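Structure below is model08.txt: compact mmCIF, C-alpha atoms.
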# COMPACT_ATOMS: atom_id res chain seq x y z
CA MET A 2 81.13 95.47 178.83
CA LEU A 3 77.42 96.00 179.38
CA LYS A 4 76.19 99.06 177.51
CA LEU A 5 73.28 101.03 178.90
CA ARG A 6 71.35 103.92 177.45
CA PRO A 7 72.93 107.36 177.97
CA SER A 8 69.89 108.41 180.01
CA VAL A 9 70.37 105.54 182.47
CA PHE A 10 74.03 106.40 182.96
CA ALA A 11 73.12 110.04 183.41
CA LEU A 12 70.68 109.26 186.21
CA LEU A 13 73.22 107.09 188.01
CA LEU A 14 75.96 109.70 187.69
CA ALA A 15 73.66 112.52 188.69
CA ALA A 16 72.63 110.69 191.84
CA CYS A 17 76.27 110.45 192.87
CA ALA A 18 77.28 113.88 191.69
CA VAL A 19 74.58 116.06 193.26
CA PRO A 20 75.81 115.72 196.87
CA ALA A 21 79.32 116.64 195.83
CA LEU A 22 78.28 119.48 193.55
CA SER A 23 76.02 121.06 196.13
CA SER A 24 78.67 121.27 198.80
CA SER A 25 81.21 123.96 199.46
CA VAL A 26 84.87 123.07 199.01
CA SER A 27 88.20 124.62 199.84
CA ALA A 28 90.54 123.48 197.10
CA GLN A 29 90.61 123.49 193.36
CA THR A 30 90.53 119.73 193.12
CA CYS A 31 87.54 119.91 195.42
CA ALA A 32 85.58 117.14 197.09
CA CYS A 33 83.47 116.92 193.96
CA ALA A 34 86.57 115.75 192.12
CA GLY A 35 86.64 112.91 194.60
CA ALA A 36 83.78 111.38 192.61
CA GLY A 37 86.65 109.93 190.60
CA ILE A 38 85.50 110.80 187.08
CA GLN A 39 88.17 109.25 184.89
CA ALA A 40 88.41 108.12 181.28
CA ASP A 41 90.92 105.97 179.47
CA VAL A 42 90.66 108.02 176.26
CA ALA A 43 91.24 111.72 175.70
CA PRO A 44 88.23 114.02 175.29
CA PRO A 45 87.57 115.44 171.79
CA PRO A 46 88.83 118.93 170.92
CA LEU A 47 86.54 121.82 171.78
CA PRO A 48 84.07 122.57 168.96
CA ASP A 49 83.96 125.93 167.23
CA TYR A 50 80.83 127.88 168.15
CA ASP A 51 79.54 131.39 168.77
CA GLN A 52 78.42 132.81 172.08
CA PRO A 53 74.68 133.51 172.33
CA PRO A 54 73.73 137.04 173.46
CA ILE A 55 73.48 137.59 177.23
CA PRO A 56 69.85 137.07 178.38
CA GLU A 57 69.94 139.94 180.90
CA PRO A 58 72.39 141.92 183.05
CA GLY A 59 74.03 140.06 185.92
CA TYR A 60 74.66 136.77 184.10
CA LEU A 61 78.22 135.42 183.70
CA TRP A 62 79.45 133.22 180.88
CA THR A 63 80.40 129.60 181.63
CA PRO A 64 82.06 127.78 178.68
CA GLY A 65 80.96 124.41 177.36
CA TYR A 66 82.98 121.26 178.01
CA TRP A 67 83.09 117.53 177.33
CA ALA A 68 81.73 115.31 180.13
CA TRP A 69 82.12 111.53 180.48
CA ASN A 70 79.54 108.90 181.39
CA THR A 71 81.86 105.85 181.63
CA TYR A 72 81.65 104.89 177.96
CA ASP A 73 81.40 108.04 175.84
CA TYR A 74 81.91 111.79 175.97
CA TYR A 75 78.95 114.15 175.68
CA TRP A 76 78.94 117.92 175.25
CA VAL A 77 77.63 120.17 178.02
CA PRO A 78 76.71 123.45 176.23
CA GLY A 79 78.25 126.74 177.23
CA THR A 80 75.67 128.98 178.88
CA TRP A 81 75.02 132.21 180.77
CA VAL A 82 74.59 131.66 184.51
CA GLU A 83 73.66 133.80 187.49
CA PRO A 84 76.47 133.53 190.05
CA PRO A 85 75.46 132.15 193.47
CA GLN A 86 76.38 135.50 195.01
CA PRO A 87 77.95 138.82 193.97
CA GLY A 88 81.71 138.97 193.80
CA LEU A 89 82.22 135.38 192.61
CA LEU A 90 83.84 134.31 189.34
CA TRP A 91 83.65 130.98 187.54
CA THR A 92 86.69 128.73 187.15
CA PRO A 93 85.90 126.19 184.37
CA GLY A 94 86.44 122.50 184.94
CA TYR A 95 89.10 120.72 182.88
CA TRP A 96 90.52 117.32 182.03
CA GLY A 97 94.06 116.48 183.06
CA PHE A 98 96.18 113.48 182.12
CA VAL A 99 97.43 111.93 185.37
CA ASP A 100 98.95 108.49 186.03
CA GLY A 101 97.90 107.13 182.66
CA VAL A 102 94.24 108.28 182.80
CA TYR A 103 92.27 111.43 182.05
CA ALA A 104 90.79 112.83 185.25
CA PHE A 105 88.20 115.59 185.37
CA ASN A 106 88.54 118.55 187.76
CA ARG A 107 85.15 120.18 188.19
CA GLY A 108 84.64 123.90 187.92
CA TYR A 109 83.78 126.08 190.89
CA TRP A 110 82.85 129.59 192.00
CA GLY A 111 85.35 131.71 193.90
CA PRO A 112 86.59 135.28 194.41
CA HIS A 113 89.35 134.69 191.85
CA VAL A 114 89.69 132.50 188.78
CA GLY A 115 91.99 129.58 189.46
CA PHE A 116 93.82 127.08 187.28
CA TYR A 117 91.78 125.39 184.56
CA GLY A 118 94.49 123.47 182.77
CA GLY A 119 95.49 126.20 180.37
CA VAL A 120 92.56 125.16 178.17
CA HIS A 121 91.53 127.91 175.71
CA TYR A 122 87.78 127.91 176.15
CA GLY A 123 87.42 131.31 174.48
CA PHE A 124 85.10 134.23 175.26
CA GLY A 125 87.46 135.60 177.89
CA TYR A 126 88.88 132.26 179.04
CA GLY A 127 92.16 132.23 177.16
CA GLY A 128 93.88 129.60 179.27
CA LEU A 129 94.94 131.95 182.06
CA GLY A 130 92.48 133.89 184.19
CA TYR A 131 89.34 135.56 182.85
CA GLU A 132 89.25 138.71 180.71
CA GLY A 133 85.52 138.87 180.13
CA GLY A 134 84.80 141.18 183.04
CA HIS A 135 85.30 141.98 186.74
CA TRP A 136 83.43 142.97 189.87
CA GLU A 137 83.37 146.51 191.30
CA ASN A 138 81.36 147.28 194.44
CA GLY A 139 79.02 144.36 193.91
CA VAL A 140 78.40 145.20 190.24
CA PHE A 141 79.81 143.19 187.34
CA PHE A 142 81.39 145.13 184.50
CA TYR A 143 81.53 143.43 181.08
CA ASN A 144 84.30 143.61 178.51
CA ARG A 145 82.45 144.14 175.24
CA THR A 146 85.45 142.69 173.41
CA VAL A 147 84.55 139.10 174.31
CA ASN A 148 80.87 139.27 175.31
CA ARG A 149 77.79 139.41 173.10
CA PHE A 150 74.97 141.64 174.27
CA GLY A 151 72.53 141.42 171.38
CA SER A 152 69.54 143.68 172.07
CA VAL A 153 70.11 143.68 175.84
CA HIS A 154 71.18 147.03 177.21
CA ILE A 155 74.18 146.81 179.55
CA ASP A 156 75.32 149.93 181.40
CA ASN A 157 78.46 148.57 183.00
CA VAL A 158 80.58 148.03 179.93
CA TYR A 159 84.20 148.68 179.07
CA GLU A 160 86.48 147.69 176.24
CA LYS A 161 89.83 146.00 176.66
CA ALA A 162 91.89 144.23 174.04
CA VAL A 163 92.27 140.51 174.60
CA THR A 164 95.38 138.83 173.30
CA ILE A 165 95.07 135.33 171.88
CA ASN A 166 98.27 133.33 171.99
CA ALA A 167 99.42 132.33 168.50
CA GLY A 168 99.76 128.73 169.63
CA ALA A 169 96.31 128.56 171.20
CA GLY A 170 94.32 125.56 170.03
CA ARG A 171 91.10 123.75 170.90
CA ALA A 172 92.61 120.92 172.94
CA SER A 173 90.19 120.19 175.79
CA PHE A 174 92.64 118.66 178.24
CA ASN A 175 95.94 119.33 179.94
CA GLY A 176 98.77 116.93 179.26
CA PRO A 177 100.70 115.31 176.40
CA GLY A 178 98.88 116.01 173.14
CA GLY A 179 96.84 118.75 174.82
CA THR A 180 97.74 121.98 176.58
CA ILE A 181 100.96 122.11 178.56
CA ALA A 182 100.46 124.50 181.44
CA LYS A 183 101.17 124.66 185.15
CA PRO A 184 99.48 126.78 187.83
CA THR A 185 100.92 130.25 188.32
CA PRO A 186 101.53 131.57 191.87
CA ASP A 187 98.23 133.50 191.65
CA GLU A 188 96.35 130.40 190.54
CA GLU A 189 97.90 128.38 193.34
CA ALA A 190 96.77 131.06 195.79
CA ALA A 191 93.26 130.95 194.30
CA ALA A 192 93.22 127.20 194.91
CA THR A 193 93.41 127.79 198.65
CA GLU A 194 90.38 130.12 198.74
CA THR A 195 86.87 129.11 199.71
CA HIS A 196 84.97 127.81 196.72
CA LEU A 197 81.35 127.10 195.93
CA ALA A 198 80.25 124.17 193.79
CA PRO A 199 78.20 124.62 190.59
CA THR A 200 74.69 125.93 191.18
CA ASP A 201 71.66 123.66 191.02
CA ARG A 202 70.80 125.10 187.63
CA GLN A 203 74.28 124.24 186.35
CA VAL A 204 73.96 120.69 187.64
CA ALA A 205 70.53 120.32 185.98
CA HIS A 206 71.97 121.78 182.79
CA ALA A 207 74.71 119.13 182.66
CA ARG A 208 72.24 116.37 183.50
CA GLY A 209 69.90 117.52 180.74
CA ALA A 210 72.73 117.42 178.22
CA SER A 211 73.54 113.83 179.19
CA MET A 212 69.96 112.86 178.27
CA LYS A 213 70.35 113.93 174.66
CA SER A 214 71.76 111.39 172.23
CA GLU A 215 72.89 114.15 169.87
CA ALA A 216 75.18 115.47 172.60
CA PHE A 217 77.40 112.37 172.49
CA ALA A 218 80.64 112.46 170.56
CA SER A 219 79.90 109.11 168.93
CA THR A 220 76.84 110.73 167.37
CA ASN A 221 77.89 114.32 166.66
CA HIS A 222 81.55 113.52 165.84
CA GLY A 223 82.74 116.53 167.79
CA LYS A 224 80.20 118.96 166.31
CA PRO A 225 77.25 119.19 168.74
CA ALA A 226 73.92 120.49 167.52
CA ILE A 227 73.49 122.34 170.82
CA ALA A 228 76.85 124.00 171.45
CA ALA A 229 75.61 126.88 173.61
CA THR A 230 72.42 128.21 175.19
CA ALA A 231 71.28 131.56 176.55
CA LYS A 232 70.30 130.05 179.91
CA PRO A 233 70.92 126.71 181.68
CA GLY A 234 68.66 123.95 180.37
CA ALA A 235 67.27 126.05 177.51
CA PHE A 236 67.94 123.43 174.83
CA THR A 237 65.29 124.68 172.40
CA GLY A 238 64.43 128.01 170.84
CA ASP A 239 66.14 130.68 168.79
CA SER A 240 68.79 131.24 171.44
CA VAL A 241 70.30 127.79 170.89
CA VAL A 242 73.63 127.94 169.06
CA LYS A 243 74.88 125.11 166.88
CA ALA A 244 78.57 124.29 166.54
CA LYS A 245 80.09 125.68 163.36
CA ALA A 246 82.64 122.91 163.11
CA ALA A 247 84.26 120.12 165.04
CA GLY A 248 87.39 121.25 166.79
CA SER A 249 90.99 120.30 166.18
CA ALA A 250 93.87 120.42 168.64
CA SER A 251 95.61 123.05 166.50
CA GLY A 252 92.50 125.05 165.58
CA GLN A 253 91.75 128.60 166.72
CA PRO A 254 89.78 128.78 170.00
CA SER A 255 86.14 129.86 169.92
CA GLY A 256 85.70 133.50 170.68
CA ALA A 257 89.12 134.26 169.19
CA THR A 258 87.32 136.74 166.96
CA PRO A 259 85.31 138.78 169.50
CA ALA A 260 81.69 139.77 169.07
CA ALA A 261 82.68 143.39 168.72
CA GLY A 262 84.77 142.20 165.84
CA GLY A 263 86.42 145.39 164.64
CA PRO A 264 88.37 146.43 167.70
CA LYS A 265 89.46 142.92 168.43
CA ALA A 266 90.93 142.31 165.07
CA GLU A 267 93.37 144.98 166.11
CA GLU A 268 94.22 142.87 169.13
CA LYS A 269 95.38 140.21 166.82
CA LYS A 270 97.69 142.82 165.45
CA ALA A 271 99.24 142.96 168.90
CA PRO A 272 100.23 139.30 168.84
CA ALA A 273 101.10 139.90 165.26
CA GLY A 274 103.56 142.38 166.69
CA GLY A 275 105.44 139.43 168.03
CA GLU A 276 104.84 137.86 164.69
CA LEU A 277 106.85 140.56 163.03
CA LYS A 278 108.85 137.64 161.77
CA PRO A 279 105.91 136.60 159.62
CA GLU A 280 105.80 140.19 158.37
CA PRO A 281 109.22 139.78 156.82
CA LYS A 282 107.53 136.91 155.06
CA ALA A 283 105.33 139.60 153.61
CA THR A 284 108.51 141.10 152.18
CA PRO A 285 109.23 137.89 150.36
CA ALA A 286 105.72 138.27 149.17
CA GLY A 287 107.04 141.43 147.57
CA GLU A 288 109.63 139.36 145.81
CA PRO A 289 107.03 138.46 143.23
CA THR A 290 107.37 142.10 142.24
CA VAL A 291 110.94 141.20 141.39
CA GLU A 292 109.29 138.56 139.28
CA GLU A 293 112.67 136.98 138.91
CA LYS A 294 110.81 133.73 138.64
CA PRO A 295 109.09 135.06 135.54
CA LYS A 296 112.60 135.61 134.25
CA VAL A 297 113.14 132.00 134.94
CA GLU A 298 110.16 131.55 132.75
CA GLY A 299 112.45 132.80 130.03
CA LYS A 300 113.67 129.23 129.99
CA PRO A 301 110.56 128.35 128.11
CA LYS A 302 112.08 130.48 125.38
CA ALA A 303 114.91 128.02 125.49
CA GLU A 304 112.16 125.55 124.96
CA GLU A 305 112.19 126.73 121.37
CA LYS A 306 113.92 123.41 121.02
CA PRO A 307 110.57 122.29 119.75
CA LYS A 308 111.73 124.04 116.62
CA VAL A 309 114.42 121.41 116.60
CA GLU A 310 111.51 119.11 116.21
CA LYS A 311 111.90 119.76 112.52
CA LYS A 312 113.20 116.24 112.68
CA PRO A 313 109.72 115.26 111.65
CA LYS A 314 110.86 116.46 108.26
CA VAL A 315 113.20 113.52 108.42
CA GLU A 316 110.02 111.58 108.46
CA GLU A 317 109.89 112.22 104.72
CA ARG A 318 110.97 108.60 104.58
CA PRO A 319 107.46 107.89 103.48
CA LYS A 320 108.73 109.14 100.15
CA VAL A 321 110.83 106.03 100.17
CA GLU A 322 107.54 104.33 99.68
CA GLU A 323 108.10 104.97 96.01
CA ARG A 324 109.25 101.39 96.06
CA PRO A 325 105.92 100.57 94.52
CA LYS A 326 107.52 101.98 91.39
CA VAL A 327 109.92 99.11 91.68
CA GLU A 328 106.87 97.04 91.04
CA GLU A 329 107.38 97.87 87.39
CA LYS A 330 108.61 94.31 87.23
CA PRO A 331 105.41 93.64 85.35
CA LYS A 332 107.44 94.98 82.45
CA ALA A 333 109.14 91.64 82.63
CA GLU A 334 105.93 90.31 81.14
CA PRO A 335 107.57 89.90 77.80
CA LYS A 336 107.49 86.23 78.78
CA PRO A 337 104.11 86.07 77.17
CA LYS A 338 106.07 86.65 73.96
CA ALA A 339 107.72 83.37 74.64
CA GLU A 340 104.27 81.98 74.65
CA GLU A 341 103.90 83.21 71.08
CA LYS A 342 106.22 80.44 70.12
CA ARG A 343 103.63 78.04 71.35
CA PRO A 344 101.14 78.96 68.65
CA PRO A 345 103.47 77.57 66.04
CA VAL A 346 103.63 74.48 68.15
CA VAL A 347 99.88 74.42 67.94
CA ASN A 348 100.27 74.15 64.14
CA ARG A 349 101.08 70.54 64.68
CA PRO A 350 97.41 69.71 64.57
CA ALA A 351 97.67 70.73 60.92
CA ALA A 352 99.33 67.37 60.36
CA HIS A 353 95.97 65.76 60.99
CA PRO A 354 94.77 66.51 57.47
CA ALA A 355 97.32 63.94 56.33
CA PRO A 356 95.26 61.05 57.65
CA ALA A 357 92.35 62.70 55.97
CA ALA A 358 93.99 61.93 52.64
CA PRO A 359 93.07 58.28 52.79
CA LYS A 360 89.46 59.27 52.64
CA PRO A 361 89.57 59.44 48.85
CA SER A 362 90.47 55.77 49.04
CA CYS A 363 87.06 55.15 50.49
CA GLY A 364 85.63 55.93 47.12
CA LYS A 365 86.48 53.16 44.64
CA PRO A 366 86.28 53.79 40.98
CA ASP A 367 83.45 51.41 40.70
CA GLU A 368 81.62 53.35 43.29
CA PRO A 369 80.99 56.76 41.83
CA LYS A 370 78.65 57.60 44.61
CA CYS A 371 81.46 57.81 47.03
CA ARG A 372 82.42 61.38 47.84

Taking this structure as input, can you express it in the form of structure tokens?
Amino acid sequence: MLKLRPSVFALLLAACAVPALSSSVSAQTCACAGAGIQADVAPPPLPDYDQPPIPEPGYLWTPGYWAWNTYDYYWVPGTWVEPPQPGLLWTPGYWGFVDGVYAFNRGYWGPHVGFYGGVHYGFGYGGLGYEGGHWENGVFFYNRTVNRFGSVHIDNVYEKAVTINAGAGRASFNGPGGTIAKPTPDEEAAATETHLAPTDRQVAHARGASMKSEAFASTNHGKPAIAATAKPGAFTGDSVVKAKAAGSASGQPSGATPAAGGPKAEEKKAPAGGELKPEPKATPAGEPTVEEKPKVEGKPKAEEKPKVEKKPKVEERPKVEERPKVEEKPKAEPKPKAEEKRPPVVNRPAAHPAPAAPKPSCGKPDEPKCR
């Protein structure tokens, strides 16, 4: 297959996507989904990242997601966006496994949040509806539990506990191996409402992400350097948020620990309420107080068997090495005494003087000079 640069693919896709994204639609799987964005491999899990502070009042949070450009996934950063008109909420896009392929359903604006695959995007998008805020008389009220304000002053604020399902993970698609969810009656009703496609700034934001090599999964391995931005297309500056870690299907969703930290930790206590079963596990944790296992450690006392290891004393066999004393056989050296008998045998040479006797015969009487 011919491989082109990510930027080239982005331009081609953008040219086809803009008409669809700029049109109004009337169903969740809107006309923009007709672009037929499909992939033969599942998208990576959602990365773990923090939400940047809201840039100014009136902006709504839109979570990041994995997009496809026919050969690789790239991360479109989560960002704060101005809604196209008051009273509209954002329904995130999602991947769904259908007929053997992964098909993407684009997000849209509408009066109610519809079905987004049960994907736990975090920051108010817990897989069902949106708990980050709501509209009242043309004014948006923010739930401080899941929104970060930073130094921006927001008047319309309230606080409501957000429950995170114990089984929530970072799977980025709906289907086997991902989230298993079906539209509720309310979500089905929302699907029949009039919807607006992503704004031009959202479309440009996604296009800009496709131009960055570091946004591709093959490069960032599921941990994008630009995980979220304060505004669409703001890919540089202090407001850019890096991913803390690559996601895992079983990992905790981003935003599970709200910005307002303290109060939300108590929310986890709520789900923990259902997890009272784990609390009994805390009672077994008390079992260490029983320290019966330490009593089991009394067995080591039984291990005094090492004392039985006195067997090494049996190793006194080295004393048997006194065999060298048996080497006293040298005492058998009296044999040299037998050799003493030989000296008398050596006396035989004494017989030699006998032949010496004839020497006097060498001196004849008439030869007095002979000695």

With all atoms listed in the file as the counted atoms, please give the residues lying no more than 10 Å from Asn157 of chain A, apart from itself and same-chain residues fewer than 4 positions off, as number ranges by chain. A: 58, 134, 137, 140-145

Give me a file of those residues, with C-alpha atoms, as a CSV table (one decimal), in the coordinates of the input.
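See selection18.csv below for the written result:
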chain,number,residue,atom,x,y,z
A,58,PRO,CA,72.4,141.9,183.0
A,134,GLY,CA,84.8,141.2,183.0
A,137,GLU,CA,83.4,146.5,191.3
A,140,VAL,CA,78.4,145.2,190.2
A,141,PHE,CA,79.8,143.2,187.3
A,142,PHE,CA,81.4,145.1,184.5
A,143,TYR,CA,81.5,143.4,181.1
A,144,ASN,CA,84.3,143.6,178.5
A,145,ARG,CA,82.4,144.1,175.2

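The nearest approach to Val158 of chain A among the residues A:Val99, A:Thr80, A:Gly59, A:Gln203, with all atoms listed in the file taken into account, belongs to A:Gly59.
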
Using only C-alpha atoms for the distances, tell me which of A:Gly234, A:Gly123, A:Gly101, A:Pro84 is nearest to Gln52 of chain A.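 That would be A:Gly123, the residue with the smallest distance to Gln52 of chain A.
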
Quick one: distance from atom CA of Ala216 of chain A to atom CA of Pro177 of chain A in Å, one decimal?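 Computing the Euclidean distance for atom CA of Ala216 of chain A and atom CA of Pro177 of chain A yields 25.8 Å.
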
Pick out the residues sitting within 9 Å of Ala68 of chain A, and hand them over as a list in words; count all atoms listed in the file, and ignore anything fewer than 3 positions along from it in its own chain.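 Using all atoms listed in the file, the neighbours found are Pro44, Asp73, Tyr74, Tyr75, Trp76, Val77, Phe105, Ala207 and Ser211 of chain A.
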
Report as a VMD selection string all protein, DNA and RNA residues lying within 10 Å of Ile181 of chain A, evaluated on all atoms listed in the file, omitting residues in the same chain fewer than 6 positions from it. chain A and resid 97 118 to 120 174 to 175

Near Thr63 of chain A, counting only C-alpha atoms, which residues have an atom at most 9 Å away, once you skip same-chain residues fewer than 6 positions from it, shown as a ChimeraX atom specification? /A:78-82,91-93

Nearest to Thr180 of chain A, chosen from A:Leu129, A:Ala192, A:Ala235, A:Leu90, with only C-alpha atoms counted in the distances: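 Closest to Thr180 of chain A, using only C-alpha atoms: A:Leu129.
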
What separation in Å, quoted to one decimal, exists between atom CA of Ile38 of chain A and atom CA of Ala104 of chain A? 6.0 Å
